[in-house]
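K.L.:
Okay, here's the structure, questions in a sec.
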Amino acid sequence: MVQSKLGDNEIVEDLGIITKTDKNAYIQKTVKLPNKPDSLYIFFVDRDNNPKYSLKVVKEEVYDASKDLYDINGWYNIYYKGYYFRYDPFCGAGEGNIRELELDKQYEYKWREEPYLLFSLTGMNGKKLFIQLEENKNIELYYSTSMEDILTYNGRRAYDNPYSYNCETDVVYFMLRPGYYDYSSDEHKATGKIKFLDYEDAISGCLQIKKSLLASDGKIYASGSTWDETSDSILYCFDPALGKKTIIQDFGDYNSIGNISEIEEGFLYVAHGSNISKVNISTKAVSNFVQDLPIRPKEIVDYKYNLLFVSGKGNNSSSDYICLVSKTDGSFKNVDSYKFENNPSFFDIHCGSAHNVEYDADDDIFFYNTLGSPQDICFLKILNPNQANPTYYTEDSQYHTEHDISNPTRIFIKESANHYQIISGAGELFNIDLTELDKGNINIKNGTDYTDYVAAIKDWCVYEDNLVRPYDDCYITQDYIYYLQISESKTIVEKSSKADPLNVIQSEEYTNEKGISFYKLGNKLYLLSNDTRSIIGARNLPIYLHEITF
């Protein structure tokens, strides 16, 4: 029995009876109501007079106000429940409930209010759609170029999510419907959200940010890809003021961007593959700077004598090496790795994996951390950068893998002319005393015994126990530390006092986002992040710039 009711109990009219032989039957009724209700339902009642399913059917377009009449029409099918070899009825709205689809609009599916969402789409012939289902629970999507096939449940089912559809006709129909028709348990209820996107428009908006830099023009330059999340060969410019993203250059296959640095104001140095290009920020013109380096640069640091310090893995080696590159003409020379002048038997095994390199010009010393085995914080000094074959010496801390020096590692404050503090991503904090490095005569190349020197500077790096918190990125102000915590589906920003960095004062959660980095624009702090939701292999459609207001 099919009945129309006001609410759960008041029967308005018996609409008809459906039996096995009535499969695909069509019922059309005009119902007289005592007044215009807030809601009208069609109920399917089984042979034992138990309501099995309801459909809310009040639609303004089918209401005749002058007569208080509703036209209720739709196709009513028989659903086969294989458990008990019984047929139970289910229904879908008729032609009057097909709505014109709006692209890039999210529709929410609520099974108790509108069990079937019906759409028609016109004007997309020859184009491709992306269809995204989010928070999907027991939802099935069907499509057809025939309205009758959709209304009689003969459309084709879409099995993938996200799903693509090639429009080859002027009109196409879509139906969102439950995957279960037994609503005796919340476990079977169907809910979710759906959005239809123009393929070309969607793909042009995709961006997986890997590395990013806030440049002097107030714009963010980032490496990324529109497709493969493991690739980042495209250099983008993101204008926070306009929310606009443009492509500067795609450096092509096997040329993932390893570093973006603004060494000179107004010019970016972009390492890609074994090359470095130079980008004019004003004109966005890209020029070759240095090609065919023997390494694939990951770190580029401004150095003295108009040179760049460039480190990265060797092209044919798993070890890292150092090059000094002239900012004038792009010429380069290798630093003689693992060689200590006047002590050729000494091989430093740690400098081959330099990460997060920082250069202190006052003391002419580099700091970096190692991520392999052993993990450590190290310093490095290049002895003779103007010679044809520069050499260096380097030394690690006294702890040597006793602590987690995981990325990222920040030299986050220089407390005084001779004092640094370093915090690793695991929350390990170290104090660096530059005066210790002067002990035993720092000018080692003039004959100081290396063994004596290492013994003399033992306390140059001192671990401070339990003073900070782990982070994926952090930003330090005069009074506060902002921590970035990233998980699979959300990002959390936490604020702590520098005086008490373990205590969280305030926090903010961003769902479906992966944080990339903090930026200070003017006197405001911002968080740059990716969207974590997928679309046919092209991850992270939008990128976000959130002002941190706490």
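Ligands are numbered from 1 in the order shown, residues from 1 within each chain, and chains are lettered A, B, ... in the order they appear in the structure tokens.
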Could you list, as a ChimeraX atom specification, every residue within 9 Å of Glu402 of chain A, counting only C-alpha atoms and ignoring same-chain residues fewer than 4 positions away?

P.N.:
/A:374-376

K.L.:
Give me, as an MDAnalysis selection string, the residues of segment 257-468 of chain A that a backbone DSSP run labels helix (DSSP H, G or I).

P.N.:
chainID A and resid 351:353 434:437 444:446 450:456 458:460

K.L.:
State, in Å with one decimal place, the distance from atom CA of Leu268 of chain A to atom CA of Ala361 of chain A.

P.N.:
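Interatomic distance here is 20.8 Å.
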
K.L.:
Can you work out the spacing between atom CA of Glu464 of chain A and atom CA of Asp362 of chain A in Å, to one decimal?

P.N.:
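Interatomic distance here is 24.7 Å.
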
K.L.:
What gap, in Å, lies between atom CA of Gly314 of chain A and atom CA of Ile257 of chain A?

P.N.:
15.5 Å

K.L.:
Env of Tyr544 of chain A: 12 Å cut, atoms = only C-alpha atoms, seq-sep filter 4 positions within chain, self excluded. Answer as a list in words.

P.N.:
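Returned residues: Leu207, Gln208, Ile209, Ile220, Phe238, Asp239, Pro240, Gly243, Lys244, Lys245, Thr491, Tyr510, Thr511, Asn512, Glu513, Lys514, Gly515, Ile516, Ser517, Phe518, Tyr526, Leu527, Leu528, Ser529, Asn530, Asp531, Thr532 and Asn540 of chain A.
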
K.L.:
Could you save the residues just selected, with N, CA, C and O atoms, as a compact mmCIF listing (two decimals), in the first residue's frame?

P.N.:
# COMPACT_ATOMS: atom_id res chain seq x y z
N LEU A 207 46.60 22.32 -7.46
CA LEU A 207 47.97 22.66 -7.10
C LEU A 207 48.37 21.89 -5.85
O LEU A 207 47.69 21.95 -4.83
N GLN A 208 49.46 21.17 -5.96
CA GLN A 208 50.06 20.49 -4.82
C GLN A 208 51.33 21.25 -4.47
O GLN A 208 52.35 21.13 -5.12
N ILE A 209 51.25 22.11 -3.48
CA ILE A 209 52.41 22.91 -3.10
C ILE A 209 53.41 22.04 -2.36
O ILE A 209 53.06 21.31 -1.44
N ILE A 220 53.66 35.01 -2.95
CA ILE A 220 54.22 33.71 -2.57
C ILE A 220 54.55 32.93 -3.85
O ILE A 220 53.69 32.78 -4.73
N PHE A 238 51.57 33.10 -6.36
CA PHE A 238 50.28 33.24 -5.71
C PHE A 238 50.20 34.63 -5.10
O PHE A 238 51.04 35.02 -4.28
N ASP A 239 49.18 35.39 -5.51
CA ASP A 239 48.98 36.75 -5.01
C ASP A 239 47.95 36.70 -3.89
O ASP A 239 46.75 36.53 -4.14
N PRO A 240 48.37 36.83 -2.63
CA PRO A 240 47.42 36.74 -1.51
C PRO A 240 46.36 37.83 -1.55
O PRO A 240 45.23 37.61 -1.13
N GLY A 243 44.02 36.68 -4.37
CA GLY A 243 43.65 35.28 -4.41
C GLY A 243 43.87 34.66 -5.77
O GLY A 243 43.19 33.72 -6.17
N LYS A 244 44.85 35.17 -6.49
CA LYS A 244 45.09 34.76 -7.88
C LYS A 244 46.37 33.94 -7.97
O LYS A 244 47.38 34.27 -7.35
N LYS A 245 46.32 32.89 -8.77
CA LYS A 245 47.47 32.00 -8.95
C LYS A 245 47.83 31.94 -10.43
O LYS A 245 46.97 31.73 -11.28
N THR A 491 44.90 20.35 9.98
CA THR A 491 46.08 21.08 10.46
C THR A 491 45.68 21.86 11.70
O THR A 491 44.59 22.44 11.75
N TYR A 510 42.07 23.46 11.29
CA TYR A 510 41.63 23.62 9.90
C TYR A 510 41.44 22.22 9.31
O TYR A 510 42.41 21.50 9.06
N THR A 511 40.18 21.83 9.10
CA THR A 511 39.90 20.49 8.61
C THR A 511 40.10 20.41 7.11
O THR A 511 39.94 21.40 6.39
N ASN A 512 40.46 19.21 6.62
CA ASN A 512 40.71 18.94 5.20
C ASN A 512 41.78 19.85 4.62
O ASN A 512 41.74 20.20 3.45
N GLU A 513 42.74 20.22 5.45
CA GLU A 513 43.85 21.06 4.98
C GLU A 513 45.18 20.50 5.47
O GLU A 513 45.26 19.94 6.56
N LYS A 514 46.19 20.68 4.64
CA LYS A 514 47.55 20.32 5.03
C LYS A 514 48.37 21.60 5.04
O LYS A 514 48.58 22.24 4.01
N GLY A 515 48.83 21.99 6.22
CA GLY A 515 49.61 23.21 6.34
C GLY A 515 50.96 23.10 5.63
O GLY A 515 51.58 22.04 5.62
N ILE A 516 51.39 24.19 5.05
CA ILE A 516 52.68 24.23 4.35
C ILE A 516 53.69 25.06 5.14
O ILE A 516 54.76 24.59 5.48
N SER A 517 53.32 26.29 5.46
CA SER A 517 54.28 27.16 6.13
C SER A 517 53.59 28.39 6.68
O SER A 517 52.51 28.77 6.23
N PHE A 518 54.24 29.02 7.66
CA PHE A 518 53.82 30.32 8.16
C PHE A 518 54.49 31.42 7.33
O PHE A 518 55.63 31.27 6.86
N TYR A 526 50.32 34.70 8.71
CA TYR A 526 49.42 33.90 7.90
C TYR A 526 49.91 32.46 7.84
O TYR A 526 51.10 32.18 7.98
N LEU A 527 48.95 31.56 7.56
CA LEU A 527 49.26 30.15 7.32
C LEU A 527 48.87 29.81 5.89
O LEU A 527 47.73 30.05 5.46
N LEU A 528 49.82 29.27 5.14
CA LEU A 528 49.56 28.77 3.79
C LEU A 528 49.31 27.27 3.87
O LEU A 528 50.07 26.55 4.52
N SER A 529 48.24 26.79 3.24
CA SER A 529 47.93 25.36 3.31
C SER A 529 47.28 24.87 2.04
O SER A 529 46.72 25.64 1.25
N ASN A 530 47.34 23.55 1.83
CA ASN A 530 46.71 22.87 0.71
C ASN A 530 45.41 22.23 1.17
O ASN A 530 45.26 21.85 2.32
N ASP A 531 44.49 22.05 0.22
CA ASP A 531 43.32 21.23 0.45
C ASP A 531 43.74 19.76 0.31
O ASP A 531 44.47 19.41 -0.60
N THR A 532 43.29 18.91 1.22
CA THR A 532 43.74 17.52 1.22
C THR A 532 42.85 16.59 0.41
O THR A 532 43.17 15.43 0.23
N ASN A 540 44.62 18.40 -3.90
CA ASN A 540 44.67 19.73 -3.29
C ASN A 540 44.22 20.84 -4.22
O ASN A 540 45.01 21.67 -4.65

K.L.:
Restricting the calculation to only C-alpha atoms, which member of A:Glu508, A:Asp292, A:Asp360, A:Asp479 is positioned closest to Ser496 of chain A?

P.N.:
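That would be A:Asp479, the residue with the smallest distance to Ser496 of chain A.
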
K.L.:
Please provide as a PyMOL selection string all residues within 10 Å of Asp232 of chain A, with the sequence filter that same-chain residues fewer than 6 positions apart are discarded (counting only C-alpha atoms).

P.N.:
chain A and resi 207-211+222-226+250-258+272

K.L.:
Write the residues you've just listed into a file as an mmCIF file, in the first residue's frame, and include C-alpha atoms for each of them.

P.N.:
data_model
loop_
_atom_site.group_PDB
_atom_site.id
_atom_site.type_symbol
_atom_site.label_atom_id
_atom_site.label_comp_id
_atom_site.auth_asym_id
_atom_site.auth_seq_id
_atom_site.Cartn_x
_atom_site.Cartn_y
_atom_site.Cartn_z
ATOM 1 C CA LEU A 207 47.972 22.656 -7.099
ATOM 2 C CA GLN A 208 50.064 20.486 -4.817
ATOM 3 C CA ILE A 209 52.411 22.912 -3.105
ATOM 4 C CA LYS A 210 55.731 21.417 -2.058
ATOM 5 C CA LYS A 211 58.080 24.366 -1.450
ATOM 6 C CA ALA A 222 55.644 27.919 -4.860
ATOM 7 C CA SER A 223 56.579 24.697 -6.582
ATOM 8 C CA GLY A 224 53.810 22.275 -7.401
ATOM 9 C CA SER A 225 52.008 20.147 -9.954
ATOM 10 C CA THR A 226 48.489 19.938 -11.365
ATOM 11 C CA ASP A 250 56.923 24.393 -16.059
ATOM 12 C CA PHE A 251 60.471 23.070 -15.992
ATOM 13 C CA GLY A 252 59.338 19.693 -17.315
ATOM 14 C CA ASP A 253 59.813 16.027 -16.494
ATOM 15 C CA TYR A 254 62.674 15.025 -14.205
ATOM 16 C CA ASN A 255 63.136 18.663 -13.202
ATOM 17 C CA SER A 256 61.424 18.818 -9.844
ATOM 18 C CA ILE A 257 62.091 22.076 -8.051
ATOM 19 C CA GLY A 258 64.530 21.551 -5.206
ATOM 20 C CA HIS A 272 65.304 22.385 -10.763
#

K.L.:
Identify, on the basis of only C-alpha atoms, every residue whose closest approach to Thr191 of chain A does not exceed 9 Å; exclude the query and any residue fewer than 3 positions from it along the same chain; express the result as an NGL selection string.

P.N.:
:A and (108-111 or 135-139 or 178)

K.L.:
Which residue is closest to Gly126 of chain A? Choose from A:Asp433, A:Glu494, A:Asp364, A:Glu168 and count only C-alpha atoms.

P.N.:
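For Gly126 of chain A, the nearest of the given residues is A:Glu168.
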
K.L.:
Pick the closest to Asp459 of chain A from A:Asn369, A:Thr435, A:Ser416, A:Ser497: which is it, counting only C-alpha atoms?

P.N.:
A:Thr435

K.L.:
If you count only C-alpha atoms, which residues fall within 8 Å of Val270 of chain A, apart from same-chain ones fewer than 5 positions away, as a ChimeraX atom specification?

P.N.:
/A:257-261,276-279

K.L.:
Could you pull the residues within 9 Å of segment 296-308 of chain A, counting only C-alpha atoms, minus those fewer than 5 positions along the same chain, as a PyMOL selection string?

P.N.:
chain A and resi 257-261+263-264+269+271-276+313-315+320+322-328+354-359+361+364+385-386

K.L.:
Any chance you could export the current selection's N, CA, C and O atoms as a short mmCIF file (atom, residue, chain, number, x, y, z; two decimals), in the first residue's frame?

P.N.:
data_model
loop_
_atom_site.label_atom_id
_atom_site.label_comp_id
_atom_site.auth_asym_id
_atom_site.auth_seq_id
_atom_site.Cartn_x
_atom_site.Cartn_y
_atom_site.Cartn_z
N ILE A 257 61.46 20.90 -8.66
CA ILE A 257 62.09 22.08 -8.05
C ILE A 257 62.62 21.71 -6.67
O ILE A 257 61.86 21.24 -5.82
N GLY A 258 63.91 21.91 -6.47
CA GLY A 258 64.53 21.55 -5.21
C GLY A 258 64.63 22.70 -4.23
O GLY A 258 64.72 22.48 -3.02
N ASN A 259 64.59 23.95 -4.74
CA ASN A 259 64.77 25.09 -3.85
C ASN A 259 64.29 26.35 -4.55
O ASN A 259 64.44 26.50 -5.78
N ILE A 260 63.69 27.27 -3.78
CA ILE A 260 63.33 28.61 -4.26
C ILE A 260 63.89 29.60 -3.26
O ILE A 260 63.53 29.55 -2.07
N SER A 261 64.77 30.48 -3.70
CA SER A 261 65.40 31.45 -2.79
C SER A 261 65.43 32.82 -3.45
O SER A 261 65.62 32.93 -4.67
N ILE A 263 67.81 35.40 -3.29
CA ILE A 263 69.15 35.77 -2.84
C ILE A 263 69.37 37.27 -3.00
O ILE A 263 69.91 37.94 -2.12
N GLU A 264 68.94 37.80 -4.13
CA GLU A 264 69.00 39.24 -4.37
C GLU A 264 67.57 39.76 -4.41
O GLU A 264 66.69 39.11 -4.97
N TYR A 269 66.20 32.62 -7.25
CA TYR A 269 67.04 31.54 -7.75
C TYR A 269 66.25 30.25 -7.54
O TYR A 269 65.93 29.88 -6.41
N ALA A 271 66.16 26.23 -8.16
CA ALA A 271 66.89 25.02 -8.51
C ALA A 271 65.90 23.98 -9.02
O ALA A 271 64.90 23.68 -8.37
N HIS A 272 66.17 23.42 -10.18
CA HIS A 272 65.30 22.38 -10.76
C HIS A 272 66.19 21.37 -11.48
O HIS A 272 66.99 21.71 -12.34
N GLY A 273 66.03 20.11 -11.08
CA GLY A 273 66.94 19.10 -11.61
C GLY A 273 68.36 19.43 -11.20
O GLY A 273 68.66 19.68 -10.04
N SER A 274 69.28 19.45 -12.15
CA SER A 274 70.67 19.83 -11.89
C SER A 274 70.96 21.24 -12.38
O SER A 274 72.11 21.59 -12.63
N ASN A 275 69.92 22.06 -12.51
CA ASN A 275 70.06 23.43 -13.03
C ASN A 275 69.54 24.44 -12.02
O ASN A 275 68.76 24.11 -11.12
N ILE A 276 69.97 25.69 -12.21
CA ILE A 276 69.42 26.80 -11.44
C ILE A 276 69.03 27.89 -12.43
O ILE A 276 69.84 28.30 -13.27
N LYS A 313 72.26 16.24 -3.49
CA LYS A 313 72.76 14.92 -3.83
C LYS A 313 73.47 14.93 -5.17
O LYS A 313 73.07 15.63 -6.09
N GLY A 314 74.53 14.12 -5.25
CA GLY A 314 75.22 13.97 -6.52
C GLY A 314 74.31 13.33 -7.56
O GLY A 314 73.43 12.53 -7.23
N ASN A 315 74.49 13.69 -8.83
CA ASN A 315 73.61 13.16 -9.88
C ASN A 315 73.69 11.65 -9.99
O ASN A 315 72.73 10.99 -10.38
N ASP A 320 75.52 13.58 -0.57
CA ASP A 320 75.37 15.00 -0.86
C ASP A 320 76.74 15.64 -1.02
O ASP A 320 77.71 15.23 -0.38
N ILE A 322 78.83 19.67 -2.12
CA ILE A 322 78.75 21.12 -2.05
C ILE A 322 79.39 21.72 -3.30
O ILE A 322 80.47 21.28 -3.72
N CYS A 323 78.73 22.74 -3.87
CA CYS A 323 79.32 23.55 -4.94
C CYS A 323 79.28 25.01 -4.50
O CYS A 323 78.37 25.44 -3.80
N LEU A 324 80.28 25.76 -4.92
CA LEU A 324 80.26 27.22 -4.80
C LEU A 324 80.00 27.80 -6.18
O LEU A 324 80.72 27.52 -7.13
N VAL A 325 78.93 28.60 -6.29
CA VAL A 325 78.48 29.11 -7.58
C VAL A 325 78.63 30.63 -7.60
O VAL A 325 78.19 31.31 -6.67
N SER A 326 79.22 31.15 -8.65
CA SER A 326 79.39 32.60 -8.80
C SER A 326 78.07 33.25 -9.15
O SER A 326 77.40 32.84 -10.11
N LYS A 327 77.67 34.27 -8.40
CA LYS A 327 76.45 35.00 -8.72
C LYS A 327 76.62 35.87 -9.96
O LYS A 327 75.65 36.31 -10.55
N THR A 328 77.87 36.11 -10.37
CA THR A 328 78.14 36.97 -11.53
C THR A 328 77.87 36.26 -12.84
O THR A 328 77.16 36.77 -13.71
N ALA A 354 73.60 17.49 4.34
CA ALA A 354 73.29 18.77 4.97
C ALA A 354 71.87 19.21 4.64
O ALA A 354 71.48 19.27 3.48
N HIS A 355 71.09 19.52 5.68
CA HIS A 355 69.72 19.99 5.52
C HIS A 355 69.53 21.24 6.35
O HIS A 355 70.17 21.44 7.37
N ASN A 356 68.59 22.09 5.91
CA ASN A 356 68.26 23.31 6.65
C ASN A 356 69.51 24.12 6.95
O ASN A 356 69.80 24.46 8.10
N VAL A 357 70.26 24.43 5.93
CA VAL A 357 71.54 25.12 6.10
C VAL A 357 71.29 26.59 6.44
O VAL A 357 70.52 27.28 5.78
N GLU A 358 71.96 27.06 7.48
CA GLU A 358 71.93 28.48 7.88
C GLU A 358 73.36 29.00 7.89
O GLU A 358 74.27 28.31 8.38
N TYR A 359 73.54 30.24 7.41
CA TYR A 359 74.88 30.82 7.37
C TYR A 359 74.94 32.04 8.28
O TYR A 359 74.09 32.94 8.19
N ALA A 361 77.05 35.15 8.88
CA ALA A 361 78.10 35.91 8.22
C ALA A 361 79.09 36.49 9.23
O ALA A 361 80.29 36.61 8.92
N ASP A 364 81.23 33.62 9.90
CA ASP A 364 81.60 32.87 8.70
C ASP A 364 81.47 31.36 8.93
O ASP A 364 82.37 30.58 8.64
N PRO A 385 87.56 29.66 0.05
CA PRO A 385 86.55 29.70 -1.01
C PRO A 385 87.04 30.27 -2.34
O PRO A 385 86.46 29.98 -3.38
N ASN A 386 88.12 31.06 -2.33
CA ASN A 386 88.60 31.65 -3.59
C ASN A 386 89.56 30.73 -4.35
O ASN A 386 89.92 31.03 -5.48
#
